[in-house]
Structures are given as C-alpha cells and as structure tokens.
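Printed here is start_17.cif (mmCIF, C-alpha atoms and all ligand atoms):
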data_start
loop_
_atom_site.label_atom_id
_atom_site.label_comp_id
_atom_site.auth_asym_id
_atom_site.auth_seq_id
_atom_site.Cartn_x
_atom_site.Cartn_y
_atom_site.Cartn_z
CA MET E 15 24.46 -17.55 9.83
CA HIS E 16 23.91 -13.84 9.16
CA HIS E 17 20.48 -13.08 7.72
CA ILE E 18 21.03 -11.31 4.40
CA GLY E 19 19.21 -7.97 4.25
CA ASP E 20 17.24 -6.50 1.33
CA LEU E 21 19.64 -5.63 -1.50
CA GLU E 22 22.60 -6.31 0.75
CA ILE E 23 25.93 -6.02 -1.04
CA GLY E 24 27.95 -9.22 -1.10
CA LEU E 25 30.59 -11.01 -3.13
CA MET E 26 30.79 -13.97 -5.49
CA PHE E 27 33.88 -15.73 -4.09
CA TRP E 28 35.50 -19.13 -4.32
CA ALA E 29 36.49 -21.54 -1.57
CA GLN E 30 40.27 -21.55 -1.38
CA GLY E 31 42.15 -22.86 1.60
CA SER E 32 40.28 -23.40 4.85
CA PRO E 33 36.73 -22.13 5.48
CA GLU E 34 38.21 -19.60 7.92
CA GLU E 35 40.69 -18.24 5.35
CA THR E 36 38.01 -18.11 2.67
CA ILE E 37 35.53 -16.13 4.78
CA GLN E 38 38.18 -13.80 6.22
CA ARG E 39 39.20 -12.73 2.71
CA VAL E 40 35.63 -11.54 2.09
CA LYS E 41 35.21 -9.97 5.52
CA ALA E 42 38.39 -7.96 4.91
CA LEU E 43 36.32 -6.07 2.32
CA ASP E 44 33.75 -5.21 5.02
CA LEU E 45 31.17 -7.54 3.51
CA ARG E 46 29.07 -9.95 5.52
CA CYS E 47 27.45 -12.04 2.82
CA GLY E 48 28.06 -13.61 -0.53
CA GLN E 49 27.83 -16.57 -2.84
CA LEU E 50 30.28 -19.38 -2.24
CA GLY E 51 31.80 -21.02 -5.31
CA ILE E 52 32.96 -24.60 -5.00
CA ASP E 53 35.09 -25.99 -7.79
CA GLU E 54 35.10 -29.70 -8.50
CA THR E 55 38.46 -30.32 -6.82
CA TYR E 56 37.60 -28.50 -3.60
CA PRO E 57 37.11 -30.98 -0.75
CA ILE E 58 33.80 -30.51 1.03
CA GLY E 59 33.32 -33.99 2.44
CA GLY E 60 34.08 -33.95 6.16
CA PHE E 61 34.39 -30.15 6.39
CA THR E 62 30.72 -29.26 6.76
CA GLN E 63 31.03 -28.67 10.49
CA ASP E 64 34.03 -26.37 9.92
CA TRP E 65 31.98 -24.31 7.48
CA LEU E 66 29.05 -24.16 9.88
CA ASP E 67 31.32 -23.06 12.73
CA VAL E 68 32.97 -20.32 10.67
CA LEU E 69 29.71 -18.95 9.24
CA ARG E 70 28.23 -18.80 12.73
CA ALA E 71 31.31 -17.33 14.43
CA GLU E 72 31.83 -14.73 11.71
CA ARG E 73 28.09 -14.00 11.32
CA PHE E 74 28.41 -14.47 7.60
CA GLY E 75 25.47 -15.14 5.24
CA LEU E 76 25.50 -17.31 2.13
CA ALA E 77 22.81 -16.69 -0.48
CA THR E 78 23.99 -19.38 -2.85
CA VAL E 79 26.48 -22.17 -3.31
CA VAL E 80 27.79 -22.15 -6.89
CA CYS E 81 29.27 -25.21 -8.61
CA SER E 82 31.98 -25.21 -11.23
CA TYR E 83 33.50 -28.24 -12.92
CA THR E 84 37.02 -29.32 -13.80
CA GLY E 85 38.00 -28.61 -17.40
CA GLU E 86 35.62 -25.70 -18.01
CA ASP E 87 37.07 -23.14 -20.42
CA TYR E 88 35.46 -19.75 -21.06
CA SER E 89 37.98 -18.41 -23.57
CA ASP E 90 35.67 -18.33 -26.61
CA VAL E 91 32.34 -19.68 -27.85
CA PRO E 92 33.56 -23.12 -29.09
CA ALA E 93 35.48 -23.66 -25.83
CA VAL E 94 32.35 -22.87 -23.79
CA LEU E 95 30.27 -25.14 -26.02
CA ASN E 96 32.70 -28.03 -25.59
CA THR E 97 33.57 -27.73 -21.90
CA VAL E 98 30.99 -25.85 -19.80
CA GLY E 99 28.16 -27.32 -17.74
CA PHE E 100 26.05 -30.29 -18.73
CA LEU E 101 26.28 -30.07 -22.51
CA PRO E 102 29.49 -32.14 -22.95
CA PRO E 103 28.20 -35.76 -22.86
CA SER E 104 31.41 -37.33 -21.53
CA THR E 105 31.29 -35.50 -18.17
CA ARG E 106 27.54 -35.09 -17.81
CA ILE E 107 26.86 -37.93 -15.37
CA GLU E 108 29.70 -37.06 -12.99
CA ARG E 109 28.87 -33.33 -13.06
CA VAL E 110 25.23 -33.97 -12.23
CA ALA E 111 26.32 -36.20 -9.34
CA ARG E 112 28.76 -33.55 -8.12
CA THR E 113 26.04 -30.87 -8.30
CA LYS E 114 23.73 -32.96 -6.13
CA TYR E 115 26.57 -33.56 -3.69
CA VAL E 116 27.23 -29.80 -3.51
CA ALA E 117 23.48 -29.23 -3.02
CA ASP E 118 23.57 -31.63 -0.06
CA PHE E 119 26.51 -29.68 1.38
CA ALA E 120 24.66 -26.38 0.84
CA SER E 121 21.59 -27.80 2.55
CA GLN E 122 23.62 -28.71 5.62
CA LEU E 123 24.69 -25.04 5.76
CA SER E 124 21.00 -24.00 5.39
CA VAL E 125 21.76 -22.34 2.04
CA GLU E 126 18.57 -22.07 0.02
CA SER E 127 19.94 -21.83 -3.50
CA VAL E 128 22.40 -23.74 -5.68
CA ALA E 129 23.63 -22.35 -8.98
CA CYS E 130 25.89 -23.16 -11.91
CA HIS E 131 26.52 -22.46 -15.58
CA ILE E 132 24.65 -25.33 -17.24
CA GLY E 133 26.19 -24.51 -20.66
CA PHE E 134 24.53 -23.15 -23.79
CA VAL E 135 20.85 -24.00 -24.01
CA PRO E 136 20.24 -24.77 -27.72
CA GLU E 137 18.08 -22.12 -29.37
CA ASP E 138 16.17 -24.79 -31.30
CA PRO E 139 14.02 -27.01 -29.03
CA ALA E 140 14.18 -29.71 -31.73
CA ASP E 141 17.96 -30.00 -31.15
CA SER E 142 18.54 -33.34 -29.38
CA ASN E 143 20.69 -31.59 -26.77
CA TYR E 144 17.73 -29.44 -25.78
CA GLY E 145 15.71 -32.41 -24.54
CA GLN E 146 18.76 -33.81 -22.75
CA MET E 147 19.33 -30.50 -20.97
CA VAL E 148 15.66 -30.43 -19.91
CA THR E 149 16.04 -33.94 -18.43
CA VAL E 150 19.26 -33.08 -16.59
CA VAL E 151 17.92 -29.85 -15.13
CA ARG E 152 14.68 -31.53 -14.03
CA ASP E 153 16.73 -34.16 -12.22
CA ILE E 154 18.78 -31.51 -10.37
CA CYS E 155 15.71 -29.40 -9.60
CA ASP E 156 13.98 -32.41 -8.07
CA HIS E 157 17.00 -33.10 -5.89
CA CYS E 158 17.11 -29.44 -4.79
CA ALA E 159 13.34 -29.33 -4.20
CA PHE E 160 13.69 -32.21 -1.77
CA LEU E 161 16.21 -30.02 0.11
CA ASN E 162 13.91 -26.95 -0.09
CA GLN E 163 16.35 -25.21 -2.42
CA THR E 164 16.05 -23.36 -5.68
CA PHE E 165 18.33 -24.30 -8.55
CA ALA E 166 19.51 -21.15 -10.32
CA LEU E 167 20.72 -20.91 -13.90
CA GLU E 168 23.27 -18.24 -14.70
CA THR E 169 22.06 -15.92 -17.48
CA GLY E 170 23.79 -14.75 -20.57
CA GLN E 171 25.04 -17.62 -22.67
CA GLU E 172 21.77 -17.60 -24.57
CA PRO E 173 19.17 -14.88 -25.26
CA ALA E 174 16.63 -14.22 -22.50
CA ALA E 175 13.74 -15.57 -24.57
CA VAL E 176 15.56 -18.91 -25.06
CA LEU E 177 16.17 -19.18 -21.33
CA LYS E 178 12.57 -18.33 -20.55
CA ARG E 179 11.26 -21.01 -22.90
CA PHE E 180 13.69 -23.52 -21.39
CA ILE E 181 12.47 -22.74 -17.85
CA HIS E 182 8.90 -23.16 -19.05
CA ASP E 183 9.74 -26.52 -20.64
CA VAL E 184 11.55 -27.86 -17.55
CA GLU E 185 8.31 -27.36 -15.57
CA ARG E 186 9.88 -27.13 -12.14
CA SER E 187 8.78 -24.35 -9.81
CA ASN E 188 12.14 -24.20 -7.99
CA LEU E 189 14.04 -23.45 -11.20
CA ARG E 190 15.26 -19.86 -10.96
CA ILE E 191 17.81 -17.46 -12.40
CA ASN E 192 21.03 -15.93 -11.15
CA PHE E 193 20.91 -12.83 -13.33
CA ASP E 194 24.32 -11.69 -14.56
CA PRO E 195 23.89 -8.57 -16.72
CA ALA E 196 27.47 -8.63 -17.97
CA ASN E 197 27.19 -12.13 -19.43
CA LEU E 198 24.52 -10.99 -21.88
CA ILE E 199 26.95 -8.36 -23.10
CA LEU E 200 30.07 -10.57 -23.09
CA TYR E 201 28.27 -13.26 -25.11
CA GLY E 202 26.46 -10.71 -27.26
CA THR E 203 23.10 -12.32 -26.46
CA GLY E 204 21.14 -9.16 -25.76
CA ASP E 205 20.56 -6.02 -23.80
CA PRO E 206 20.57 -6.83 -20.07
CA LEU E 207 17.90 -4.27 -19.20
CA GLU E 208 15.53 -5.76 -21.79
CA ALA E 209 16.39 -9.24 -20.50
CA LEU E 210 15.37 -8.14 -17.01
CA ASP E 211 11.84 -7.51 -18.28
CA VAL E 212 11.69 -11.04 -19.71
CA LEU E 213 13.32 -12.90 -16.82
CA GLY E 214 12.41 -10.68 -13.85
CA PRO E 215 9.90 -13.07 -12.24
CA TYR E 216 12.47 -15.88 -12.09
CA ILE E 217 15.38 -13.99 -10.53
CA VAL E 218 16.56 -15.28 -7.15
CA SER E 219 20.01 -13.64 -7.10
CA VAL E 220 22.08 -11.24 -9.21
CA HIS E 221 25.71 -10.75 -10.09
CA CYS E 222 26.86 -7.15 -10.22
CA LYS E 223 29.34 -7.49 -13.05
CA ASP E 224 30.16 -5.35 -16.07
CA GLY E 225 31.75 -5.80 -19.47
CA GLU E 226 32.06 -4.85 -23.13
CA TYR E 227 30.34 -6.40 -26.14
CA PRO E 228 32.40 -8.83 -28.28
CA PRO E 229 34.58 -7.27 -30.99
CA ARG E 230 32.82 -6.97 -34.38
CA GLY E 231 33.74 -9.40 -37.14
CA LEU E 232 34.95 -12.20 -34.86
CA PRO E 233 31.94 -14.51 -34.52
CA ASN E 234 33.40 -16.77 -31.82
CA ALA E 235 34.99 -14.08 -29.68
CA LEU E 236 33.61 -13.01 -26.32
CA GLY E 237 33.62 -9.50 -24.87
CA LYS E 238 35.92 -8.38 -22.09
CA GLU E 239 34.88 -8.08 -18.47
CA THR E 240 35.49 -4.69 -16.83
CA ALA E 241 35.25 -3.13 -13.39
CA LEU E 242 31.65 -2.40 -12.38
CA GLY E 243 30.47 0.88 -13.88
CA GLU E 244 33.14 0.90 -16.59
CA GLY E 245 31.49 -1.42 -19.12
CA SER E 246 28.30 -1.43 -21.19
CA VAL E 247 25.93 -2.46 -18.37
CA ASN E 248 24.07 0.66 -17.33
CA VAL E 249 24.57 -0.08 -13.63
CA PRO E 250 22.39 2.73 -12.20
CA GLU E 251 19.55 1.70 -14.48
CA PHE E 252 20.14 -1.98 -13.68
CA ILE E 253 19.73 -1.33 -9.94
CA ARG E 254 16.78 0.98 -10.50
CA LYS E 255 15.02 -1.68 -12.57
CA LEU E 256 15.73 -4.41 -10.03
CA LYS E 257 14.09 -2.28 -7.36
CA GLN E 258 11.16 -1.55 -9.65
CA LEU E 259 10.68 -5.30 -10.18
CA GLY E 260 10.54 -5.75 -6.41
CA TYR E 261 13.82 -7.64 -6.24
CA ARG E 262 15.10 -7.83 -2.67
CA GLY E 263 17.89 -10.39 -2.83
CA ILE E 264 21.66 -10.07 -2.66
CA LEU E 265 23.68 -7.70 -4.86
CA SER E 266 26.62 -10.01 -5.40
CA ILE E 267 29.69 -8.36 -6.88
CA GLU E 268 31.54 -10.60 -9.31
CA ARG E 269 34.97 -9.60 -10.59
CA GLU E 270 37.14 -12.10 -12.46
CA GLU E 271 40.20 -9.89 -12.93
CA PRO E 272 43.23 -12.18 -12.35
CA ASP E 273 45.52 -9.56 -10.73
CA PRO E 274 44.59 -9.68 -7.02
CA VAL E 275 45.53 -6.05 -6.36
CA VAL E 276 43.46 -4.72 -9.26
CA ARG E 277 40.65 -7.10 -8.36
CA GLU E 278 40.46 -5.89 -4.78
CA ALA E 279 40.55 -2.23 -5.82
CA ASP E 280 37.75 -2.87 -8.34
CA ILE E 281 35.63 -4.66 -5.74
CA ARG E 282 36.04 -1.74 -3.34
CA LYS E 283 34.96 0.68 -6.08
CA ALA E 284 31.97 -1.57 -6.85
CA ILE E 285 30.94 -1.58 -3.18
CA LYS E 286 31.00 2.22 -3.18
CA LEU E 287 29.03 2.46 -6.41
CA LEU E 288 26.37 0.00 -5.21
CA THR E 289 26.14 1.64 -1.80
CA ASP E 290 25.30 4.93 -3.53
CA LEU E 291 22.80 3.30 -5.90
CA ARG E 292 20.90 1.04 -3.56
CA GLY E 293 19.92 4.05 -1.43
MG MG Y 1 28.27 -14.46 -13.10
#
Using structure tokens, write down the structure that the file contains.
Amino acid sequence: MHHIGDLEIGLMFWAQGSPEETIQRVKALDLRCGQLGIDETYPIGGFTQDWLDVLRAERFGLATVVCSYTGEDYSDVPAVLNTVGFLPPSTRIERVARTKYVADFASQLSVESVACHIGFVPEDPADSNYGQMVTVVRDICDHCAFLNQTFALETGQEPAAVLKRFIHDVERSNLRINFDPANLILYGTGDPLEALDVLGPYIVSVHCKDGEYPPRGLPNALGKETALGEGSVNVPEFIRKLKQLGYRGILSIEREEPDPVVREADIRKAIKLLTDLRG
C-alpha cells in the first residue's frame, strides 16, 4: 500500500462496485490516497484479498476505513438524533458488531484507523444516553486497540468542549478525532478554528469540507454543504492552523454533492486549492 505523505491530499470515498472500480474512480482524479467508506450493505466478507491486491497494484494508501449504517438520515436534527450512529437503541448492538467487523477488515488491509459518526453525544453527562455512549465507545476502542488501530469520532454534531469531555470520560488512549470543520458549521455547534484549539491534540485525520451555517429561526434545520472554499470555513486559515498544530496526516476532501459532474468539478477545484495552501 502507498505510504501516505505529510499533508497528502486524498479523498473521502465510498466502496461501490468492485475494489478495482472503486479505486480507479479516485485515481482518475490523480489522487493516491484516501479514506474508504463502507456502508452496512457493502459486502466485505471474502473480498479482503481483492482489496489487498488492488491497493498494492495501484499503490494506493488508505488512512481510514469509515463505517456507515443502514437507515441513517442526515436531513435535519431530529432525523440525525433518531437514526445516526449508536444512539438509537434498536440498532445499537448490530451496529457495534458491524463496526468491529469493519475494523477487522481494515486491520487485514493494515489500515490504522477506523471512523464513524457515533451520533449526538448528549451535552449533559447525567443524561442516561451519555453513559451508554461511553460504554459503547469503550467497547469499540478496546477492539480497535487489540488491532493496533485508533477509533476516530467525526466532529461537529456537538460542540468541541462536549466532545473533549466525552473523550476524557471514555478513558481510552486510542480514541481520536476525524476533524470535519464543515460539520461544526452545518450543525451550528461552533467555530471550526476555535474547535481546532480545543481538539487539536486528538486529531488523527481531517475532512476538507465546507458549508454554510443553518438558516436563522429554524431550530432543527442544518446548514448546506458547499464546494471547498465557497462556504464559511476559512480554508486557508484552517490549513495554516493545522500546520501550526503540527498535524501531518491526510487532507481528505469530502464532497457530498449528489450530481456526479458537479461533484467531480468541485473535487478538482478543492485539489487545486489545497495544493496551493499546503505549500
Ligand atoms: Mg465528514
């Protein structure tokens, strides 16, 4: 597998079709590394060797394997609360099991980090869900630690201080953060540059994503994602601060635009922007 360089530009992408097809779509953008998303329906059992062969043949590096789960809905705050990550009790056991299974798969590919959206961490530690989330995340961290992996939480669905306290309470040294500056804006949970100061020591990977704050007066609405550089994330300052913090991991472009033509054009613009900024 390709060794990912300091601040190398990569892509957050999802397994679709064969390993070969999936990797070729990213390589067509002239990128050689990324974070591989695996949704709950994607078959990984029995295909590990195919993935290994493709990553080796294409000299492609994976920083992270990212899990998503069937039924997750990010359309507004109540939908996220009811469907995302480990908060919904009815799917918790199977999602934890799936996450460990994906971690095993990642380990076979020598990928050192596993990530997902765990769902909103309650702001009040006395909330009964808070303790349950601590227990679930400890369980996954322990599984990942056995595989020499970090387990990375995606930022943004709660304020940075809430996430920091949660990490402290989980008490697992392999618990880390995939820092997504746009999520803090989309969820209206804070200024991403200020959040970097709070969460900097825990960051293992970053998403280069941009967006606008939620519309005023609609308490459950989320903001809108934009092309990188066109939203409210101050991207030059974001990269400058990452460097200042000594961050050397992947710069993983994430773009969720549904139109594939627009998406590809936006990713190419993001590559150019980041190439200029990383120096
Ligand atoms: Mg993200």
Exercise: range 156-164 of chain E partners within 7 Å, all atoms listed in the file, chain neighbours under 2 positions left out, as a short mmCIF file (atom, residue, chain, number, x, y, z; two decimals) with C-alpha atoms, keeping the file's coordinate frame:
data_model
loop_
_atom_site.label_atom_id
_atom_site.label_comp_id
_atom_site.auth_asym_id
_atom_site.auth_seq_id
_atom_site.Cartn_x
_atom_site.Cartn_y
_atom_site.Cartn_z
CA LYS E 114 23.73 -32.96 -6.13
CA ALA E 117 23.48 -29.23 -3.02
CA SER E 121 21.59 -27.80 2.55
CA GLU E 126 18.57 -22.07 0.02
CA SER E 127 19.94 -21.83 -3.50
CA VAL E 128 22.40 -23.74 -5.68
CA ARG E 152 14.68 -31.53 -14.03
CA ASP E 153 16.73 -34.16 -12.22
CA ILE E 154 18.78 -31.51 -10.37
CA ALA E 166 19.51 -21.15 -10.32
CA ASN E 188 12.14 -24.20 -7.99
CA LEU E 189 14.04 -23.45 -11.20
CA ARG E 190 15.26 -19.86 -10.96
#
To check your reading of the model: which residues sit at most 7 Å from ligand MG 1 (chain Y) when counting all atoms listed in the file? Write the answer as a VMD selection string.
chain E and resid 168 194 197 221 268
Would you list the contacts of range 142-145 of chain E as a list in words, taking every protein, DNA or RNA residue within 12 Å and counting all atoms listed in the file, but skipping same-chain residues closer than 5 positions in sequence?
Leu95, Phe100, Leu101, Pro102, Pro103, Arg106, Ile132, Gly133, Phe134, Val135, Pro136, Glu137, Val150, Val151, Arg152, Val176, Leu177, Arg179, Phe180, Ile181, Asp183 and Val184 of chain E
Counting only C-alpha atoms, which residues sit no farther than 12 Å from the position (36.8, -10.0, 1.9) in the file's frame? I'd like them as a VMD selection string.
chain E and resid 23 to 28 34 to 48 72 74 267 274 277 to 279 281 to 282 285
Of the listed residues E:Asn192, E:Thr169, E:Gly60, E:Arg230, that which approaches Thr78 in chain E most closely, counting all atoms listed in the file:
E:Asn192
I'd like the neighbourhood of Gly99 in chain E as a PyMOL selection string, where a residue qualifies if any of its atoms comes within 12 Å (using only C-alpha atoms), though same-chain residues fewer than 3 positions away should be ignored.
chain E and resi 54+81-88+93-96+102-110+112-113+129-135+147+150-151+167-168+171
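The interatomic distance for the pair CA of Ile264 in chain E and CA of Leu21 in chain E works out to 5.0 Å.
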To one decimal place, how far is CA of Ser246 in chain E from CA of Gly225 in chain E in Å?
5.8 Å
Calculate how many Å separate CA of Phe252 in chain E from CA of Lys283 in chain E, rounding to one decimal.
16.9 Å
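When all atoms listed in the file are used to measure the gap to Gly51 in chain E, the shortest distance among E:Val80, E:Val249, E:Ile199, E:Leu291 belongs to E:Val80.
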Pick out the closest residue to Arg269 in chain E from this set: E:Gly293, E:Gly75, E:Pro139, E:Gly243. Count all atoms listed in the file.
E:Gly243
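Comparing E:Thr289, E:Gln30, E:Thr149, E:Thr203 by their smallest distance to Glu172 in chain E, the closest is E:Thr203 (using only C-alpha atoms).
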Best match for closeness to Cys155 in chain E among E:Gly170, E:His17, E:Ser187, E:Asp141, counting only C-alpha atoms
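Smallest separation from Cys155 in chain E among the options: E:Ser187.
Proximity ranking of E:Gln63, E:Leu232, E:Ala174, E:Val125 relative to Asp211 in chain E places E:Ala174 first, based on all atoms listed in the file.
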